[in-house]
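Engineer: Structure below; questions to follow.
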Amino acid sequence: MKSKIALMILMLAMLFGITPAVHAQVKITAEYNSVSTATKAFNFKTVPPPASDDAASKAKLVLVDGELDPNGADLSALTDGVLPTDEDEPAKNLFFNAGTGGGRFSMDLGSAIEIVRISTYSWHPNTRGPQVYKVWASDGTGSNFNSAPKGTNDPTAYGWKLIAVVDTRAKQGDDGGQHGVSLTDAKGSLGKYRYLLFDFYVTETADDYGNTFYSEVDVVAKK
Ligand SMILES: [Ca+2]
Ligand SMILES: [Ca+2]
């Protein structure tokens, strides 16, 4: 338990501490369906619904740091195109273990591709609904590239570039419900990358249940 708490503190420090400047062009679009309006269709105002045939569907996912909650799905749930049909469906979501501060995983797309959009989707009736994460990308060609830097290491020192810091928590009140996020770039492409690295953080530490229920992560390649 001591190591879990240490990891949580470290990850929170990394999230709220000094972070390198994010690529100025990346646009973060975060949209939300309340508990009463969310449906299994995951329809948002402008964020497209999750896809089953996106570039992430064939990606290889690896758990780099942290532990998954045994009550939830494994990493494959993030890219299988399958969605929960209810607001509290652990088996259809990926979430890090209760009492831990989140974790890190990588995604290997197989080859470097032009990425036009990364979208993330989550659904839960209360504090496990919002998304708090960082995502880095790499083409994997740098001499210092490490495909699996542990959570204590800043990926930018290992050949990764920070793409976005996402936080969809409401400023006040309950923000349970369905959250959809799209990362895009005014230039039409986030860049040409083979690897993505995600840090998922807890939304709160008031209790052990702050790890978000992630339903899907889409990576859309340029056509
Ligand atoms: Ca997908
Ligand atoms: Ca899924």
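Going by the structure tokens order, chains are called A, B, ..., each with residues numbered from 1, while ligands are numbered from 1 in the order shown.
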Please tabulate, as CSV, the residues of chain A that come within 12 Å of ligand 1, each with its closest pair of atoms and the distance in Å to one decimal, counting only C-alpha atoms and all ligand atoms and ordering rows by chain, then residue number upward.
Structural biologist:
```
residue,atom,partner,partner_atom_place_in_ligand_line,distance
A:Pro48,CA,ligand 1,1 (Ca),11.2
A:Pro49,CA,ligand 1,1 (Ca),9.4
A:Pro50,CA,ligand 1,1 (Ca),5.7
A:Ala51,CA,ligand 1,1 (Ca),4.4
A:Ser52,CA,ligand 1,1 (Ca),4.3
A:Asp53,CA,ligand 1,1 (Ca),6.2
A:Asp54,CA,ligand 1,1 (Ca),5.4
A:Ala55,CA,ligand 1,1 (Ca),7.7
A:Ala56,CA,ligand 1,1 (Ca),6.0
A:Ser57,CA,ligand 1,1 (Ca),5.5
A:Lys58,CA,ligand 1,1 (Ca),9.2
A:Ala59,CA,ligand 1,1 (Ca),10.1
A:Ser76,CA,ligand 1,1 (Ca),10.1
A:Ala77,CA,ligand 1,1 (Ca),9.1
A:Leu78,CA,ligand 1,1 (Ca),7.1
A:Thr79,CA,ligand 1,1 (Ca),4.6
A:Asp80,CA,ligand 1,1 (Ca),5.9
A:Gly81,CA,ligand 1,1 (Ca),4.4
A:Val82,CA,ligand 1,1 (Ca),7.9
A:Leu83,CA,ligand 1,1 (Ca),9.4
A:Arg117,CA,ligand 1,1 (Ca),11.8
A:Ile118,CA,ligand 1,1 (Ca),10.0
A:Ser119,CA,ligand 1,1 (Ca),8.8
A:Thr120,CA,ligand 1,1 (Ca),9.2
A:Tyr121,CA,ligand 1,1 (Ca),9.8
A:Tyr214,CA,ligand 1,1 (Ca),11.9
A:Ser215,CA,ligand 1,1 (Ca),9.4
A:Glu216,CA,ligand 1,1 (Ca),6.0
A:Val217,CA,ligand 1,1 (Ca),5.8
A:Asp218,CA,ligand 1,1 (Ca),4.4
A:Val219,CA,ligand 1,1 (Ca),7.2
A:Val220,CA,ligand 1,1 (Ca),8.8
A:Ala221,CA,ligand 1,1 (Ca),11.8
```
Engineer: Restricting it to N, CA, C and O atoms, dump the selection as a CSV table (one decimal), in the first residue's frame.
Structural biologist:
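Saved as part.csv:
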```
chain,number,residue,atom,x,y,z
A,48,PRO,N,-17.0,13.2,-32.3
A,48,PRO,CA,-17.6,12.0,-33.0
A,48,PRO,C,-17.8,10.8,-32.0
A,48,PRO,O,-17.0,10.7,-31.1
A,49,PRO,N,-18.8,10.0,-32.2
A,49,PRO,CA,-19.0,8.8,-31.3
A,49,PRO,C,-17.8,7.9,-31.5
A,49,PRO,O,-17.1,7.9,-32.6
A,50,PRO,N,-17.5,7.0,-30.6
A,50,PRO,CA,-16.4,6.1,-30.7
A,50,PRO,C,-16.5,5.2,-32.0
A,50,PRO,O,-17.6,4.8,-32.4
A,51,ALA,N,-15.3,4.9,-32.5
A,51,ALA,CA,-15.3,4.1,-33.8
A,51,ALA,C,-14.7,2.7,-33.5
A,51,ALA,O,-14.0,2.5,-32.5
A,52,SER,N,-15.1,1.7,-34.3
A,52,SER,CA,-14.5,0.4,-34.1
A,52,SER,C,-13.5,0.1,-35.2
A,52,SER,O,-12.8,-0.9,-35.1
A,53,ASP,N,-13.3,1.0,-36.2
A,53,ASP,CA,-12.4,0.7,-37.3
A,53,ASP,C,-11.3,1.7,-37.4
A,53,ASP,O,-10.7,1.9,-38.4
A,54,ASP,N,-11.0,2.4,-36.2
A,54,ASP,CA,-10.0,3.4,-36.3
A,54,ASP,C,-8.6,2.8,-36.1
A,54,ASP,O,-8.5,1.6,-35.9
A,55,ALA,N,-7.5,3.6,-36.2
A,55,ALA,CA,-6.1,3.1,-36.3
A,55,ALA,C,-5.8,2.4,-34.9
A,55,ALA,O,-4.9,1.5,-34.9
A,56,ALA,N,-6.5,2.7,-33.9
A,56,ALA,CA,-6.1,2.1,-32.6
A,56,ALA,C,-6.7,0.7,-32.5
A,56,ALA,O,-6.2,-0.1,-31.6
A,57,SER,N,-7.6,0.4,-33.3
A,57,SER,CA,-8.2,-1.0,-33.2
A,57,SER,C,-7.3,-2.1,-33.4
A,57,SER,O,-7.5,-3.2,-33.0
A,58,LYS,N,-6.2,-1.8,-34.1
A,58,LYS,CA,-5.2,-2.9,-34.4
A,58,LYS,C,-3.9,-2.6,-33.6
A,58,LYS,O,-2.9,-3.3,-33.8
A,59,ALA,N,-3.9,-1.6,-32.7
A,59,ALA,CA,-2.7,-1.3,-32.0
A,59,ALA,C,-2.4,-2.3,-30.9
A,59,ALA,O,-3.3,-3.0,-30.4
A,76,SER,N,-7.4,-4.0,-23.6
A,76,SER,CA,-8.1,-4.2,-24.9
A,76,SER,C,-9.4,-3.5,-25.0
A,76,SER,O,-9.9,-3.2,-26.1
A,77,ALA,N,-10.1,-3.3,-23.8
A,77,ALA,CA,-11.4,-2.6,-23.8
A,77,ALA,C,-11.3,-1.2,-24.4
A,77,ALA,O,-12.3,-0.7,-24.8
A,78,LEU,N,-10.1,-0.6,-24.3
A,78,LEU,CA,-9.9,0.7,-24.8
A,78,LEU,C,-10.0,0.8,-26.3
A,78,LEU,O,-10.3,1.9,-26.9
A,79,THR,N,-9.8,-0.3,-27.0
A,79,THR,CA,-9.7,-0.2,-28.5
A,79,THR,C,-10.5,-1.2,-29.2
A,79,THR,O,-10.4,-1.4,-30.4
A,80,ASP,N,-11.4,-1.9,-28.5
A,80,ASP,CA,-12.2,-2.9,-29.1
A,80,ASP,C,-13.5,-2.5,-29.8
A,80,ASP,O,-14.2,-3.3,-30.4
A,81,GLY,N,-13.8,-1.2,-29.7
A,81,GLY,CA,-15.0,-0.6,-30.3
A,81,GLY,C,-16.3,-1.0,-29.6
A,81,GLY,O,-17.3,-0.6,-30.0
A,82,VAL,N,-16.1,-1.7,-28.5
A,82,VAL,CA,-17.3,-2.1,-27.7
A,82,VAL,C,-17.5,-1.1,-26.6
A,82,VAL,O,-16.6,-0.6,-26.0
A,83,LEU,N,-18.8,-0.7,-26.4
A,83,LEU,CA,-19.1,0.4,-25.5
A,83,LEU,C,-20.0,-0.1,-24.4
A,83,LEU,O,-20.8,-1.0,-24.6
A,117,ARG,N,-6.7,12.8,-35.3
A,117,ARG,CA,-7.5,13.0,-34.1
A,117,ARG,C,-7.3,11.9,-33.1
A,117,ARG,O,-7.1,10.7,-33.5
A,118,ILE,N,-7.2,12.2,-31.8
A,118,ILE,CA,-7.2,11.2,-30.8
A,118,ILE,C,-8.5,11.6,-29.9
A,118,ILE,O,-8.7,12.7,-29.6
A,119,SER,N,-9.3,10.6,-29.7
A,119,SER,CA,-10.5,10.8,-28.9
A,119,SER,C,-10.6,9.8,-27.7
A,119,SER,O,-10.2,8.6,-27.9
A,120,THR,N,-11.0,10.3,-26.6
A,120,THR,CA,-11.2,9.4,-25.4
A,120,THR,C,-12.6,9.5,-24.8
A,120,THR,O,-13.2,10.6,-24.9
A,121,TYR,N,-13.1,8.4,-24.4
A,121,TYR,CA,-14.5,8.3,-23.9
A,121,TYR,C,-14.6,7.7,-22.6
A,121,TYR,O,-13.9,6.6,-22.3
A,214,TYR,N,-12.7,4.3,-18.3
A,214,TYR,CA,-12.5,4.6,-19.7
A,214,TYR,C,-13.1,3.6,-20.6
A,214,TYR,O,-12.8,2.4,-20.4
A,215,SER,N,-14.0,4.0,-21.5
A,215,SER,CA,-14.7,3.1,-22.4
A,215,SER,C,-14.0,2.8,-23.7
A,215,SER,O,-14.1,1.7,-24.3
A,216,GLU,N,-13.3,3.8,-24.2
A,216,GLU,CA,-12.7,3.7,-25.5
A,216,GLU,C,-11.7,4.8,-25.8
A,216,GLU,O,-11.8,5.9,-25.2
A,217,VAL,N,-10.6,4.5,-26.5
A,217,VAL,CA,-9.6,5.5,-27.0
A,217,VAL,C,-9.5,5.3,-28.5
A,217,VAL,O,-9.2,4.2,-29.0
A,218,ASP,N,-9.9,6.3,-29.3
A,218,ASP,CA,-9.8,6.2,-30.7
A,218,ASP,C,-8.6,7.0,-31.2
A,218,ASP,O,-8.3,8.1,-30.7
A,219,VAL,N,-7.9,6.5,-32.2
A,219,VAL,CA,-6.8,7.2,-32.9
A,219,VAL,C,-7.2,7.2,-34.4
A,219,VAL,O,-7.3,6.1,-35.0
A,220,VAL,N,-7.4,8.4,-35.0
A,220,VAL,CA,-7.9,8.4,-36.3
A,220,VAL,C,-6.8,8.9,-37.3
A,220,VAL,O,-6.1,9.9,-37.0
A,221,ALA,N,-6.5,8.0,-38.3
A,221,ALA,CA,-5.4,8.3,-39.2
A,221,ALA,C,-5.9,9.2,-40.4
A,221,ALA,O,-7.1,9.1,-40.7
```
Engineer: I'd like to know which residues of range 92-183 of chain A are strand (DSSP E or B) (by DSSP, run on the backbone); could you write them as number ranges by chain?
Structural biologist: A: 94, 96, 102-124, 132-138, 161-167, 177-183
Engineer: Pull the helix (DSSP H, G or I) assignments for range 40-198 of chain A out of DSSP run on the backbone, and list those residues as a list in words.
Structural biologist: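 Here is the list: Ala55, Ala56, Ser57, Lys58, Leu75, Ser76, Ala77, Leu78, Pro90, Ala91, Lys92, Pro155, Thr156, Ala157 and Tyr158 of chain A.
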Engineer: Just all heavy atoms for this one: save the residues we selected as a short mmCIF file (atom, residue, chain, number, x, y, z; two decimals), in the first residue's frame.
Structural biologist:
```
data_model
loop_
_atom_site.label_atom_id
_atom_site.label_comp_id
_atom_site.auth_asym_id
_atom_site.auth_seq_id
_atom_site.Cartn_x
_atom_site.Cartn_y
_atom_site.Cartn_z
N ALA A 55 -7.52 3.60 -36.25
CA ALA A 55 -6.15 3.07 -36.25
C ALA A 55 -5.78 2.38 -34.94
O ALA A 55 -4.91 1.50 -34.91
CB ALA A 55 -5.16 4.20 -36.55
N ALA A 56 -6.45 2.75 -33.85
CA ALA A 56 -6.14 2.12 -32.56
C ALA A 56 -6.67 0.70 -32.46
O ALA A 56 -6.22 -0.09 -31.62
CB ALA A 56 -6.72 2.96 -31.42
N SER A 57 -7.61 0.35 -33.34
CA SER A 57 -8.25 -0.97 -33.22
C SER A 57 -7.25 -2.12 -33.44
O SER A 57 -7.48 -3.22 -32.96
CB SER A 57 -9.43 -1.08 -34.19
OG SER A 57 -8.98 -1.04 -35.52
N LYS A 58 -6.15 -1.83 -34.15
CA LYS A 58 -5.15 -2.88 -34.38
C LYS A 58 -3.87 -2.63 -33.58
O LYS A 58 -2.87 -3.33 -33.75
CB LYS A 58 -4.81 -2.98 -35.87
CG LYS A 58 -6.00 -3.38 -36.74
CD LYS A 58 -5.53 -3.64 -38.17
CE LYS A 58 -6.69 -3.62 -39.15
NZ LYS A 58 -7.05 -2.24 -39.58
N LEU A 75 -6.70 -3.85 -20.91
CA LEU A 75 -6.43 -2.73 -21.81
C LEU A 75 -7.16 -2.83 -23.14
O LEU A 75 -7.48 -1.82 -23.76
CB LEU A 75 -4.91 -2.65 -22.07
CG LEU A 75 -4.04 -2.05 -20.97
CD1 LEU A 75 -2.57 -2.25 -21.30
CD2 LEU A 75 -4.34 -0.56 -20.78
N SER A 76 -7.44 -4.04 -23.58
CA SER A 76 -8.07 -4.22 -24.90
C SER A 76 -9.44 -3.53 -24.97
O SER A 76 -9.91 -3.20 -26.06
CB SER A 76 -8.21 -5.70 -25.23
OG SER A 76 -9.09 -6.33 -24.32
N ALA A 77 -10.07 -3.30 -23.81
CA ALA A 77 -11.38 -2.63 -23.81
C ALA A 77 -11.30 -1.22 -24.37
O ALA A 77 -12.30 -0.67 -24.84
CB ALA A 77 -11.95 -2.58 -22.40
N LEU A 78 -10.10 -0.64 -24.35
CA LEU A 78 -9.94 0.73 -24.82
C LEU A 78 -10.01 0.83 -26.34
O LEU A 78 -10.27 1.91 -26.89
CB LEU A 78 -8.59 1.31 -24.35
CG LEU A 78 -8.43 1.50 -22.85
CD1 LEU A 78 -7.03 1.98 -22.54
CD2 LEU A 78 -9.46 2.49 -22.32
N PRO A 90 -18.56 -1.94 -15.01
CA PRO A 90 -17.12 -2.14 -14.85
C PRO A 90 -16.49 -3.03 -15.92
O PRO A 90 -15.40 -2.72 -16.43
CB PRO A 90 -17.00 -2.81 -13.47
CG PRO A 90 -18.24 -2.41 -12.75
CD PRO A 90 -19.31 -2.25 -13.80
N ALA A 91 -17.15 -4.10 -16.31
CA ALA A 91 -16.55 -5.06 -17.24
C ALA A 91 -16.32 -4.50 -18.64
O ALA A 91 -15.57 -5.06 -19.42
CB ALA A 91 -17.44 -6.31 -17.34
N LYS A 92 -16.96 -3.36 -18.95
CA LYS A 92 -16.80 -2.76 -20.28
C LYS A 92 -15.87 -1.55 -20.25
O LYS A 92 -15.78 -0.82 -21.23
CB LYS A 92 -18.16 -2.34 -20.83
CG LYS A 92 -19.11 -3.49 -21.09
CD LYS A 92 -18.82 -4.14 -22.44
CE LYS A 92 -19.74 -5.32 -22.73
NZ LYS A 92 -21.14 -4.91 -22.84
N PRO A 155 8.52 11.33 -19.84
CA PRO A 155 8.71 10.76 -21.18
C PRO A 155 9.47 11.67 -22.14
O PRO A 155 10.11 11.17 -23.08
CB PRO A 155 7.27 10.54 -21.66
CG PRO A 155 6.48 10.38 -20.40
CD PRO A 155 7.12 11.33 -19.42
N THR A 156 9.42 12.99 -21.91
CA THR A 156 10.09 13.89 -22.86
C THR A 156 11.61 13.70 -22.84
O THR A 156 12.30 14.11 -23.75
CB THR A 156 9.76 15.37 -22.58
OG1 THR A 156 10.18 15.70 -21.25
CG2 THR A 156 8.27 15.63 -22.71
N ALA A 157 12.11 13.03 -21.80
CA ALA A 157 13.55 12.73 -21.74
C ALA A 157 13.87 11.42 -22.46
O ALA A 157 15.02 11.03 -22.57
CB ALA A 157 14.01 12.64 -20.28
N TYR A 158 12.82 10.76 -22.96
CA TYR A 158 13.01 9.44 -23.60
C TYR A 158 12.41 9.38 -25.00
O TYR A 158 11.89 8.36 -25.43
CB TYR A 158 12.41 8.34 -22.71
CG TYR A 158 13.10 8.24 -21.38
CD1 TYR A 158 12.64 8.97 -20.29
CD2 TYR A 158 14.24 7.46 -21.23
CE1 TYR A 158 13.29 8.90 -19.07
CE2 TYR A 158 14.91 7.39 -20.02
CZ TYR A 158 14.42 8.12 -18.94
OH TYR A 158 15.09 8.07 -17.74
#
```
Engineer: Taking only C-alpha atoms and all ligand atoms into account, which of A:Asp65, A:Glu89, A:Asp108, A:Glu31 comes nearest ligand 2?
Structural biologist: A:Glu89
Engineer: Please compute the CA of Phe198 in chain A-CA of Lys45 in chain A distance, one decimal, in Å.
Structural biologist: 24.9 Å
Engineer: Given the choices A:Thr184, A:Ser147, A:Thr37, A:Thr205, which gets closest to Gly102 in chain A if the distance is worked out from only C-alpha atoms?
Structural biologist: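 Under the stated criterion, the closest residue is A:Thr205.
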Engineer: Using only C-alpha atoms and all ligand atoms for the distances, tell me which of A:Trp160, A:Phe213, A:Arg104, A:Asp167 is nearest to ligand 2.
Structural biologist: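 Between A:Trp160, A:Phe213, A:Arg104, A:Asp167, the residue approaching ligand 2 most closely is A:Phe213.
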Engineer: Ranking A:Leu196, A:Ala73, A:Tyr32, A:Gly191 by minimum distance to Gly110 in chain A and counting only C-alpha atoms, which one comes first?
Structural biologist: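 Between A:Leu196, A:Ala73, A:Tyr32, A:Gly191, the residue approaching Gly110 in chain A most closely is A:Leu196.
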Engineer: So which residues touch Lys192 in chain A within 8 Å, counting only C-alpha atoms, skipping near sequence neighbours fewer than 6 positions away, as a short mmCIF file (atom, residue, chain, number, x, y, z; two decimals) with N, CA, C and O atoms, in the first residue's frame?
Structural biologist:
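What follows is the written file selection-v5.cif:
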```cif
data_model
loop_
_atom_site.label_atom_id
_atom_site.label_comp_id
_atom_site.auth_asym_id
_atom_site.auth_seq_id
_atom_site.Cartn_x
_atom_site.Cartn_y
_atom_site.Cartn_z
N ALA A 112 4.51 4.45 -38.30
CA ALA A 112 4.22 5.87 -38.12
C ALA A 112 3.12 6.30 -39.08
O ALA A 112 3.20 6.05 -40.28
N ILE A 113 2.08 6.93 -38.53
CA ILE A 113 0.96 7.40 -39.36
C ILE A 113 0.62 8.84 -39.00
O ILE A 113 0.86 9.29 -37.88
N GLU A 114 0.06 9.55 -39.97
CA GLU A 114 -0.43 10.90 -39.71
C GLU A 114 -1.69 10.78 -38.87
O GLU A 114 -2.68 10.16 -39.30
N ILE A 115 -1.66 11.35 -37.68
CA ILE A 115 -2.82 11.25 -36.78
C ILE A 115 -3.61 12.55 -36.85
O ILE A 115 -3.07 13.62 -36.57
N ASP A 139 7.69 8.97 -32.78
CA ASP A 139 7.83 8.13 -33.97
C ASP A 139 8.78 6.97 -33.68
O ASP A 139 8.96 6.08 -34.51
#
```
Engineer: Using only C-alpha atoms, which residue out of A:Lys40, A:Lys222, A:Lys134, A:Lys150 lies closest to Lys187 in chain A?
Structural biologist: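 Checking each of A:Lys40, A:Lys222, A:Lys134, A:Lys150 against Lys187 in chain A, counting only C-alpha atoms, the winner is A:Lys222.
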Engineer: Counting only C-alpha atoms, which residue out of A:Leu94, A:Val166, A:Val116, A:Val47 sits closest to Gly188 in chain A?
Structural biologist: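 So, comparing all the options, the nearest one is A:Val116.
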